[in-house]
$ cat upload.csv   # CSV, C-alpha atoms
chain,number,residue,atom,x,y,z
A,7,MET,CA,-16.0,30.8,-1.2
A,8,LEU,CA,-14.6,27.5,-2.6
A,9,GLU,CA,-17.1,24.6,-2.8
A,10,ILE,CA,-15.6,21.2,-2.2
A,11,ASP,CA,-17.4,17.9,-3.0
A,12,GLY,CA,-16.7,15.6,-0.1
A,13,SER,CA,-17.7,12.5,-2.1
A,14,HIS,CA,-15.1,13.2,-4.9
A,15,GLY,CA,-12.6,10.5,-5.6
A,16,GLU,CA,-11.7,8.4,-2.6
A,17,GLY,CA,-14.5,10.3,-0.8
A,18,GLY,CA,-13.2,9.9,2.8
A,19,GLY,CA,-12.1,12.1,5.7
A,20,GLN,CA,-8.9,13.0,3.9
A,21,ILE,CA,-10.8,15.5,1.8
A,22,VAL,CA,-12.0,17.3,5.0
A,23,ARG,CA,-8.5,17.3,6.5
A,24,THR,CA,-6.8,18.6,3.4
A,25,ALA,CA,-9.4,21.2,2.5
A,26,THR,CA,-9.5,22.7,6.0
A,27,ALA,CA,-5.8,22.5,6.5
A,28,LEU,CA,-5.1,24.4,3.2
A,29,SER,CA,-8.0,26.8,4.0
A,30,ALA,CA,-6.1,27.7,7.2
A,31,LEU,CA,-2.8,28.0,5.3
A,32,THR,CA,-4.1,30.2,2.5
A,33,GLY,CA,-6.9,32.1,4.2
A,34,LYS,CA,-9.4,30.9,1.7
A,35,GLU,CA,-12.9,30.1,2.9
A,36,VAL,CA,-14.3,26.6,2.0
A,37,ARG,CA,-17.6,24.9,2.1
A,38,ILE,CA,-17.4,21.1,2.0
A,39,GLY,CA,-20.5,19.1,1.2
A,40,ASN,CA,-21.4,15.4,0.8
A,41,ILE,CA,-18.9,14.5,3.5
A,42,ARG,CA,-18.1,10.8,3.5
A,43,ALA,CA,-21.4,10.4,1.7
A,44,ASN,CA,-20.7,6.8,0.5
A,45,ARG,CA,-19.4,5.5,3.8
A,46,SER,CA,-21.5,3.1,6.0
A,47,THR,CA,-21.6,5.9,8.6
A,48,PRO,CA,-21.7,9.1,6.5
A,49,GLY,CA,-20.7,12.5,7.7
A,50,LEU,CA,-18.1,13.6,10.3
A,51,ARG,CA,-16.9,11.3,13.0
A,52,PRO,CA,-15.7,12.4,16.4
A,53,GLN,CA,-12.0,12.6,15.3
A,54,HIS,CA,-13.0,14.8,12.3
A,55,VAL,CA,-14.9,17.2,14.6
A,56,LYS,CA,-11.9,17.4,17.0
A,57,GLY,CA,-9.5,18.0,14.1
A,58,ILE,CA,-11.6,20.9,12.7
A,59,GLU,CA,-12.1,22.4,16.1
A,60,ALA,CA,-8.4,22.3,16.9
A,61,LEU,CA,-7.5,23.8,13.5
A,62,ALA,CA,-10.1,26.5,14.1
A,63,GLU,CA,-8.4,27.3,17.4
A,64,LEU,CA,-5.1,27.6,15.7
A,65,CYS,CA,-6.3,30.1,13.0
A,66,ASP,CA,-9.3,31.7,14.8
A,67,ALA,CA,-11.8,30.3,12.2
A,68,ASP,CA,-15.6,30.6,12.1
A,69,LEU,CA,-17.3,27.3,11.7
A,70,GLU,CA,-20.7,26.0,10.6
A,71,GLY,CA,-21.9,22.5,10.7
A,72,VAL,CA,-19.1,21.0,12.7
A,73,GLU,CA,-20.8,18.2,14.6
A,74,VAL,CA,-20.8,14.4,14.5
A,75,ARG,CA,-22.7,13.0,11.4
A,76,SER,CA,-22.8,16.4,9.7
A,77,GLN,CA,-22.3,16.2,5.9
A,78,LYS,CA,-21.8,19.9,5.3
A,79,VAL,CA,-19.2,22.1,6.9
A,80,THR,CA,-18.2,25.8,6.3
A,81,PHE,CA,-14.7,26.8,7.4
A,82,ARG,CA,-13.8,30.6,7.4
A,83,PRO,CA,-10.2,30.9,8.6
A,84,GLY,CA,-8.7,33.9,10.4
A,85,GLU,CA,-5.0,34.6,11.0
A,86,ILE,CA,-2.8,31.7,12.1
A,87,LYS,CA,-1.2,32.5,15.5
A,88,PRO,CA,1.2,30.1,17.1
A,89,LYS,CA,-0.3,28.6,20.2
A,90,ASP,CA,0.1,25.4,22.2
A,91,LEU,CA,-2.9,23.0,22.0
A,92,LYS,CA,-4.3,20.2,24.1
A,93,ILE,CA,-6.8,17.9,22.3
A,94,ASP,CA,-8.7,14.9,23.7
A,95,ILE,CA,-10.5,13.0,20.9
A,96,GLY,CA,-12.4,11.2,23.6
A,97,THR,CA,-12.4,7.9,21.6
A,98,ALA,CA,-9.9,5.7,19.9
A,99,GLY,CA,-10.0,8.1,16.9
A,100,SER,CA,-6.6,8.4,15.2
A,101,VAL,CA,-4.2,11.0,16.6
A,102,THR,CA,-2.1,10.7,13.4
A,103,LEU,CA,-5.0,11.6,11.1
A,104,LEU,CA,-5.8,14.6,13.3
A,105,LEU,CA,-2.2,15.7,13.0
A,106,GLN,CA,-2.6,15.7,9.2
A,107,SER,CA,-5.0,18.6,9.6
A,108,LEU,CA,-2.6,20.7,11.8
A,109,MET,CA,0.8,20.0,10.3
A,110,PRO,CA,0.5,21.9,7.0
A,111,PRO,CA,-0.8,25.3,8.4
A,112,LEU,CA,2.0,25.2,11.0
A,113,MET,CA,4.4,26.1,8.2
A,114,LYS,CA,3.2,29.7,8.6
A,115,CYS,CA,4.2,29.8,12.3
A,116,ASP,CA,7.6,31.3,13.2
A,117,GLU,CA,7.5,30.2,16.8
A,118,GLU,CA,7.5,26.7,18.5
A,119,VAL,CA,4.1,25.1,18.9
A,120,VAL,CA,3.5,22.1,21.2
A,121,ILE,CA,0.4,20.0,20.6
A,122,GLU,CA,-0.7,17.2,23.0
A,123,ILE,CA,-3.3,14.8,21.7
A,124,LYS,CA,-5.1,11.9,23.4
A,125,GLY,CA,-6.8,9.2,21.4
A,126,GLY,CA,-5.8,6.2,19.3
A,127,THR,CA,-2.2,5.8,18.3
A,128,ASP,CA,-2.4,2.5,16.6
A,129,VAL,CA,-5.8,1.9,15.0
A,130,LYS,CA,-7.2,0.7,11.7
A,131,TRP,CA,-7.4,2.8,8.6
A,132,SER,CA,-4.8,5.3,9.8
A,133,PRO,CA,-1.0,5.6,10.0
A,134,PRO,CA,0.4,4.0,13.1
A,135,VAL,CA,2.1,6.6,15.4
A,136,ASP,CA,5.5,5.0,14.7
A,137,TYR,CA,5.0,5.5,11.0
A,138,THR,CA,4.5,9.2,11.4
A,139,ARG,CA,7.5,9.7,13.7
A,140,SER,CA,10.0,7.3,12.0
A,141,VAL,CA,9.0,7.6,8.3
A,142,LEU,CA,6.9,10.7,7.5
A,143,LEU,CA,8.7,13.2,9.8
A,144,PRO,CA,12.2,12.2,8.7
A,145,LEU,CA,11.2,12.7,5.1
A,146,LEU,CA,9.8,16.2,5.9
A,147,GLN,CA,12.7,17.1,8.2
A,148,ASN,CA,15.1,16.4,5.3
A,149,HIS,CA,13.1,19.0,3.3
A,150,GLY,CA,13.0,21.8,5.9
A,151,TYR,CA,10.0,20.9,8.2
A,152,ASP,CA,11.4,20.7,11.7
A,153,ALA,CA,9.2,18.7,14.0
A,154,SER,CA,9.2,15.7,16.4
A,155,LEU,CA,6.6,13.4,17.9
A,156,GLU,CA,6.9,11.8,21.3
A,157,VAL,CA,4.7,8.8,22.3
A,158,LYS,CA,3.8,8.9,26.0
A,159,ARG,CA,1.3,6.1,25.9
A,160,ARG,CA,-0.1,3.9,23.2
A,161,GLY,CA,-3.9,3.7,22.6
A,162,PHE,CA,-5.6,0.8,20.8
A,163,TYR,CA,-9.1,0.2,19.7
A,164,PRO,CA,-11.7,0.3,21.3
A,165,LYS,CA,-10.6,2.2,24.5
A,166,GLY,CA,-8.0,4.6,23.1
A,167,GLY,CA,-6.2,6.4,25.8
A,168,GLY,CA,-3.1,7.0,23.9
A,169,ASN,CA,-1.1,10.2,24.5
A,170,VAL,CA,1.4,11.9,22.1
A,171,VAL,CA,3.2,15.2,22.1
A,172,PHE,CA,3.9,16.9,18.7
A,173,ARG,CA,6.5,19.7,18.7
A,174,PHE,CA,6.8,22.0,15.7
A,175,LYS,CA,10.0,24.1,15.8
A,176,GLY,CA,9.8,25.8,12.4
A,177,SER,CA,10.0,25.3,8.6
A,178,ASP,CA,12.1,26.5,5.7
A,179,MET,CA,10.8,24.2,3.0
A,180,LYS,CA,13.0,23.2,0.1
A,181,GLU,CA,12.2,21.5,-3.1
A,182,PHE,CA,11.5,17.7,-3.0
A,183,ASP,CA,13.8,15.5,-5.0
A,184,LEU,CA,12.9,11.9,-4.1
A,185,VAL,CA,13.3,10.0,-7.4
A,186,GLU,CA,16.5,8.0,-6.7
A,187,ARG,CA,16.4,5.6,-3.8
A,188,GLY,CA,20.1,5.0,-3.5
A,189,LYS,CA,21.7,2.1,-1.7
A,190,ILE,CA,19.9,0.3,1.1
A,191,GLN,CA,21.5,1.1,4.5
A,192,GLY,CA,19.5,-1.1,6.7
A,193,ILE,CA,16.1,-2.2,8.0
A,194,GLU,CA,14.9,-1.4,11.5
A,195,GLY,CA,11.6,-1.4,13.4
A,196,VAL,CA,9.6,-1.9,16.5
A,197,SER,CA,7.2,-4.7,17.3
A,198,TYR,CA,4.9,-3.6,20.1
A,199,ALA,CA,2.1,-5.1,22.2
A,200,SER,CA,0.3,-4.2,25.3
A,201,GLU,CA,1.3,-5.8,28.6
A,202,HIS,CA,-1.9,-7.9,28.4
A,203,LEU,CA,-0.1,-9.9,25.6
A,204,ARG,CA,3.3,-10.4,27.1
A,205,ASP,CA,2.7,-13.9,28.3
A,206,ALA,CA,1.8,-14.9,24.8
A,207,ASP,CA,5.1,-13.4,23.5
A,208,VAL,CA,3.1,-11.4,20.9
A,209,ALA,CA,5.7,-8.7,20.2
A,210,ASP,CA,8.5,-11.2,20.0
A,211,ARG,CA,6.6,-13.5,17.6
A,212,GLN,CA,5.6,-10.6,15.4
A,213,ALA,CA,9.2,-9.5,15.2
A,214,GLY,CA,10.5,-13.0,14.5
A,215,ALA,CA,8.1,-13.6,11.6
A,216,ALA,CA,9.0,-10.2,10.0
A,217,ARG,CA,12.7,-10.8,10.4
A,218,LYS,CA,12.5,-14.1,8.6
A,219,ALA,CA,10.5,-12.7,5.6
A,220,LEU,CA,12.7,-9.7,5.3
A,221,GLN,CA,16.0,-11.7,5.4
A,222,GLU,CA,14.8,-13.8,2.6
A,223,GLU,CA,13.9,-10.8,0.5
A,224,PHE,CA,16.8,-8.4,1.2
A,225,GLU,CA,19.5,-10.8,2.4
A,226,LEU,CA,20.3,-8.7,5.4
A,227,THR,CA,19.4,-8.9,9.1
A,228,PRO,CA,16.7,-6.4,10.2
A,229,GLU,CA,17.0,-4.8,13.6
A,230,ILE,CA,13.5,-5.2,15.1
A,231,LYS,CA,13.0,-4.7,18.8
A,232,ALA,CA,10.1,-6.1,20.8
A,233,ASP,CA,8.4,-3.6,23.1
A,234,TYR,CA,5.6,-4.3,25.7
A,235,CYS,CA,3.7,-1.2,26.8
A,236,ASP,CA,1.0,-0.1,29.2
A,237,ALA,CA,-2.4,0.4,27.5
A,238,ARG,CA,-6.1,0.5,28.4
A,239,CYS,CA,-6.9,-2.5,26.3
A,240,PRO,CA,-5.1,-5.3,24.4
A,241,GLY,CA,-3.5,-4.4,21.1
A,242,SER,CA,-0.3,-4.9,19.0
A,243,GLY,CA,1.4,-3.9,15.8
A,244,LEU,CA,4.6,-3.7,13.9
A,245,GLN,CA,6.3,-0.8,12.2
A,246,ILE,CA,9.3,-1.3,9.9
A,247,ARG,CA,11.4,1.1,7.9
A,248,LEU,CA,13.9,0.6,5.1
A,249,LYS,CA,16.7,3.3,5.3
A,250,THR,CA,18.4,4.2,2.0
A,251,GLU,CA,20.9,6.8,1.0
A,252,ASN,CA,18.2,9.2,0.0
A,253,SER,CA,15.0,8.2,1.7
A,254,VAL,CA,13.0,6.2,4.3
A,255,ILE,CA,10.4,3.7,3.3
A,256,GLY,CA,7.8,2.2,5.7
A,257,GLY,CA,5.7,-0.9,6.1
A,258,ASN,CA,3.4,-1.9,8.9
A,259,ALA,CA,0.6,-4.1,10.2
A,260,LEU,CA,-1.8,-4.2,13.1
A,261,GLY,CA,-2.7,-7.1,15.3
A,262,GLU,CA,-6.3,-7.9,16.1
A,263,LYS,CA,-8.3,-10.5,18.1
A,264,GLY,CA,-7.9,-14.0,16.6
A,265,LYS,CA,-5.1,-12.9,14.2
A,266,PRO,CA,-1.9,-14.9,14.8
A,267,SER,CA,1.2,-12.9,15.7
A,268,GLU,CA,3.2,-14.5,13.0
A,269,LYS,CA,0.7,-13.3,10.4
A,270,VAL,CA,1.0,-9.7,11.7
A,271,GLY,CA,4.8,-9.9,11.3
A,272,LYS,CA,4.6,-11.4,7.8
A,273,GLU,CA,2.0,-8.8,6.7
A,274,ALA,CA,4.3,-5.9,7.9
A,275,ALA,CA,7.2,-7.5,6.0
A,276,GLU,CA,5.2,-7.9,2.8
A,277,ASP,CA,3.9,-4.3,3.1
A,278,LEU,CA,7.5,-3.0,3.3
A,279,ILE,CA,8.6,-5.2,0.3
A,280,ARG,CA,5.6,-3.9,-1.7
A,281,ASN,CA,6.5,-0.3,-0.8
A,282,SER,CA,10.3,-0.8,-1.5
A,283,THR,CA,9.7,-0.4,-5.3
A,284,GLY,CA,9.4,3.3,-4.7
A,285,VAL,CA,11.6,6.1,-3.2
A,286,VAL,CA,8.7,6.9,-0.9
A,287,ASP,CA,6.0,4.5,0.1
A,288,ARG,CA,2.4,4.7,-1.0
A,289,TYR,CA,1.3,6.2,2.4
A,290,ALA,CA,3.9,9.0,2.4
A,291,ALA,CA,3.0,10.0,-1.2
A,292,ASP,CA,-0.3,11.5,-0.4
A,293,GLN,CA,0.8,12.9,3.0
A,294,ILE,CA,3.7,14.7,1.5
A,295,LEU,CA,1.7,16.4,-1.2
A,296,PRO,CA,0.5,19.5,0.8
A,297,PHE,CA,4.2,20.2,1.7
A,298,MET,CA,5.3,19.7,-1.9
A,299,ALA,CA,2.6,22.2,-2.9
A,300,VAL,CA,4.6,24.8,-1.0
A,301,SER,CA,8.1,24.0,-2.2
A,302,GLY,CA,7.6,22.1,-5.5
A,303,GLY,CA,9.6,19.1,-6.6
A,304,MET,CA,9.3,15.4,-7.6
A,305,ILE,CA,8.8,12.1,-5.8
A,306,LYS,CA,8.7,8.5,-7.0
A,307,THR,CA,6.2,6.4,-5.1
A,308,SER,CA,5.6,2.7,-5.0
A,309,GLU,CA,2.0,3.3,-6.0
A,310,VAL,CA,-0.2,6.2,-6.9
A,311,THR,CA,-3.3,5.5,-4.8
A,312,GLU,CA,-6.8,6.8,-5.1
A,313,HIS,CA,-6.1,8.7,-1.8
A,314,CYS,CA,-3.2,10.4,-3.6
A,315,ARG,CA,-5.1,11.3,-6.7
A,316,THR,CA,-7.9,12.8,-4.6
A,317,ASN,CA,-5.5,14.8,-2.5
A,318,VAL,CA,-4.0,16.2,-5.7
A,319,ASP,CA,-7.4,17.4,-6.9
A,320,ILE,CA,-8.2,19.1,-3.6
A,321,ILE,CA,-4.8,20.8,-3.3
A,322,GLU,CA,-5.1,22.2,-6.9
A,323,LYS,CA,-8.4,23.7,-6.0
A,324,LEU,CA,-6.9,25.7,-3.0
A,325,LEU,CA,-3.3,26.4,-4.2
A,326,ASN,CA,-2.0,27.9,-7.4
A,327,VAL,CA,0.0,24.7,-8.2
A,328,SER,CA,-0.1,22.0,-10.9
A,329,PHE,CA,0.6,18.3,-10.3
A,330,GLY,CA,1.7,15.9,-13.0
A,331,ILE,CA,1.5,12.2,-12.7
A,332,ASP,CA,3.7,10.1,-15.0
A,333,GLY,CA,3.6,6.4,-14.0
A,334,ASN,CA,4.6,6.4,-10.3
A,335,ILE,CA,6.3,9.8,-10.4
A,336,LEU,CA,4.5,12.9,-9.1
A,337,LYS,CA,5.8,16.3,-10.0
A,338,CYS,CA,4.5,19.6,-8.5
A,339,ARG,CA,5.0,22.9,-10.4
A,340,ILE,CA,4.5,26.1,-8.3

$ encode --input "upload.csv" --output "structure tokens"
Amino acid sequence: MLEIDGSHGEGGGQIVRTATALSALTGKEVRIGNIRANRSTPGLRPQHVKGIEALAELCDADLEGVEVRSQKVTFRPGEIKPKDLKIDIGTAGSVTLLLQSLMPPLMKCDEEVVIEIKGGTDVKWSPPVDYTRSVLLPLLQNHGYDASLEVKRRGFYPKGGGNVVFRFKGSDMKEFDLVERGKIQGIEGVSYASEHLRDADVADRQAGAARKALQEEFELTPEIKADYCDARCPGSGLQIRLKTENSVIGGNALGEKGKPSEKVGKEAAEDLIRNSTGVVDRYAADQILPFMAVSGGMIKTSEVTEHCRTNVDIIEKLLNVSFGIDGNILKCRI
């Protein structure tokens, strides 16, 4: 059984997600200790528990220690069998982080799998749902991972209540080659806010501030639509993507109480500008790694984060691959 130190590197929930996902993919048993040991609330949170339980259902795994606040988990996977799943996190826990546990092992499925998840779609410290569906998934689709994500309802902190449907149709992974960005083809995005914030024109103001900042940087007119949605509690955000000949690059920001809408828009624009120095953004870099570990290849990112380095270390423990990092270029040899 492989022993994984959950306090290694970045030391967050990503270690649990990657280790259990690749355990399911490879059939190797893992024991993860010191889970989130250095966080203010150590151990598993509700979304981690739900993610492990859903993954266990997919691969008929035996579990030990899977409960809120637990700092030690044992995951003994069985055989992956395609099956539809319905998951209710029960809080505003991130649906996109939960999906990170399930997406890699689905590569072993040869049938369509539909996963419905209820929880938070646009919450702090996690990819907004529009990032996953408009940036990450297109990058993976271009390399053989066929999946889509439908947003039925948005869920903001603290009440959650979001609802998404993930559809996996199959995978035939091919080597990643994302080191040349190519010409910029355009910038587009969605500025969203709950109906509670329509009278304050929150979505429109976010979009306006982002357009202004991006026009000054890229000398083109971004297409950012404003969208007001039904939600259990107030919330807002902005997701932008830069489309190039060879890639898609994202930038985003979330609104919060007392934060001016114009600041949200400017932050999202600055995030995209920061990420545009790479061929993939710093968020995609660590999320792509488990898929690169199957097909090999190279990517150039805007930044090699601690999240990324930690993910490399965990992947190398579970798979017979070797990653090299040269500046902002990551290469995987299989």

$ residues_around --input "upload.csv" --residues "Pro144 of chain A" --least-positions-apart "2" --cutoff "12 Å" --atoms "only C-alpha atoms" --output "count of residues only"
27

$ residues_around --input "upload.csv" --residues "Glu309 of chain A" --least-positions-apart "3" --cutoff "8 Å" --atoms "all atoms listed in the file" --output "PyMOL selection string"
chain A and resi 281+284+287-288+334

$ atom_distance --input "upload.csv" --atom1 "atom CA of Ser328 of chain A" --atom2 "atom CA of Glu9 of chain A"
19.0 Å

$ closest_atom_pairs --input "upload.csv" --of "segment 255-299 of chain A" --to "segment 168-182 of chain A" --cutoff "10 Å" --atoms "all atoms listed in the file" --output "CSV"
residue,atom,partner,partner_atom,distance
A:Ile294,CA,A:Phe182,CA,9.5
A:Phe297,CA,A:Met179,CA,7.8
A:Met298,CA,A:Phe182,CA,6.6
A:Ala299,CA,A:Glu181,CA,9.6

$ atom_distance --input "upload.csv" --atom1 "atom CA of Gln191 of chain A" --atom2 "atom CA of Leu220 of chain A"
14.0 Å

$ atom_distance --input "upload.csv" --atom1 "atom CA of Val318 of chain A" --atom2 "atom CA of Glu118 of chain A"
28.8 Å

$ closest_residue --input "upload.csv" --among "A:Val101, A:Leu108, A:Ala275, A:Leu336" --to "Ala62 of chain A" --atoms "only C-alpha atoms"
A:Leu108

$ closest_residue --input "upload.csv" --among "A:Ile246, A:Ile38, A:Ala98, A:Ala199" --to "Gly71 of chain A" --atoms "all atoms listed in the file"
A:Ile38

$ closest_residue --input "upload.csv" --among "A:Thr250, A:Trp131, A:Ser13, A:Ala215" --to "Glu186 of chain A" --atoms "all atoms listed in the file"
A:Thr250

$ closest_residue --input "upload.csv" --among "A:Glu35, A:Glu251, A:Glu229, A:Asp90" --to "Ile10 of chain A" --atoms "all atoms listed in the file"
A:Glu35

$ residues_around --input "upload.csv" --residues "Lys87 of chain A" --least-positions-apart "4" --cutoff "7 Å" --atoms "only C-alpha atoms" --output "ChimeraX atom specification"
/A:64-65,115

$ residues_around --input "upload.csv" --residues "Val300 of chain A" --least-positions-apart "5" --cutoff "10 Å" --atoms "only C-alpha atoms" --output "list in words"
Pro110, Met113, Met179, Lys180, Glu181, Leu295, Leu325, Asn326, Val327, Cys338, Arg339 and Ile340 of chain A

$ closest_residue --input "upload.csv" --among "A:Ser197, A:Glu117, A:Arg280, A:Thr32" --to "Pro134 of chain A" --atoms "all atoms listed in the file"
A:Ser197

$ closest_residue --input "upload.csv" --among "A:Ile190, A:Leu104, A:Ile41, A:Leu31" --to "Val79 of chain A" --atoms "all atoms listed in the file"
A:Ile41

$ decode --input "upload.csv" --residues "segment 188-208 of chain A" --atoms "N, CA and C atoms" --output "CSV table (one decimal), in the first residue's frame"
chain,number,residue,atom,x,y,z
A,188,GLY,N,0.1,30.7,-30.5
A,188,GLY,CA,-0.5,31.1,-31.7
A,188,GLY,C,-1.2,32.5,-31.6
A,189,LYS,N,-1.8,32.9,-32.7
A,189,LYS,CA,-2.4,34.2,-32.7
A,189,LYS,C,-3.7,34.3,-31.8
A,190,ILE,N,-3.9,35.4,-31.3
A,190,ILE,CA,-5.2,35.6,-30.5
A,190,ILE,C,-6.4,35.7,-31.4
A,191,GLN,N,-7.4,35.0,-31.1
A,191,GLN,CA,-8.6,35.0,-32.0
A,191,GLN,C,-9.7,35.8,-31.4
A,192,GLY,N,-9.7,36.0,-30.1
A,192,GLY,CA,-10.7,36.8,-29.5
A,192,GLY,C,-10.8,36.6,-28.0
A,193,ILE,N,-11.6,37.5,-27.3
A,193,ILE,CA,-11.8,37.3,-25.9
A,193,ILE,C,-13.3,37.3,-25.6
A,194,GLU,N,-13.8,36.4,-24.8
A,194,GLU,CA,-15.2,36.3,-24.5
A,194,GLU,C,-15.4,35.9,-23.1
A,195,GLY,N,-16.6,36.1,-22.6
A,195,GLY,CA,-16.8,35.7,-21.2
A,195,GLY,C,-18.2,36.0,-20.8
A,196,VAL,N,-18.5,35.6,-19.5
A,196,VAL,CA,-19.8,35.8,-18.9
A,196,VAL,C,-19.6,36.5,-17.6
A,197,SER,N,-20.4,37.6,-17.3
A,197,SER,CA,-20.4,38.2,-16.1
A,197,SER,C,-21.8,37.9,-15.5
A,198,TYR,N,-21.8,37.2,-14.3
A,198,TYR,CA,-23.1,36.7,-13.8
A,198,TYR,C,-23.3,37.2,-12.4
A,199,ALA,N,-24.6,37.3,-12.0
A,199,ALA,CA,-25.0,37.8,-10.7
A,199,ALA,C,-26.3,37.2,-10.4
A,200,SER,N,-26.6,37.0,-9.2
A,200,SER,CA,-28.0,36.5,-8.8
A,200,SER,C,-29.0,37.6,-9.0
A,201,GLU,N,-30.2,37.2,-9.1
A,201,GLU,CA,-31.3,38.1,-9.3
A,201,GLU,C,-31.4,39.2,-8.2
A,202,HIS,N,-30.9,38.8,-7.0
A,202,HIS,CA,-30.9,39.7,-5.9
A,202,HIS,C,-30.2,41.0,-6.2
A,203,LEU,N,-29.2,40.9,-7.2
A,203,LEU,CA,-28.3,42.0,-7.5
A,203,LEU,C,-28.6,42.7,-8.8
A,204,ARG,N,-29.7,42.4,-9.4
A,204,ARG,CA,-30.1,43.0,-10.7
A,204,ARG,C,-30.3,44.5,-10.6
A,205,ASP,N,-31.0,44.9,-9.6
A,205,ASP,CA,-31.3,46.4,-9.5
A,205,ASP,C,-30.0,47.2,-9.3
A,206,ALA,N,-29.0,46.6,-8.8
A,206,ALA,CA,-27.7,47.3,-8.7
A,206,ALA,C,-26.8,47.2,-9.9
A,207,ASP,N,-27.3,46.5,-11.0
A,207,ASP,CA,-26.6,46.3,-12.3
A,207,ASP,C,-25.2,45.7,-12.1
A,208,VAL,N,-25.1,44.7,-11.1
A,208,VAL,CA,-23.9,44.2,-10.8
A,208,VAL,C,-23.2,43.5,-11.9
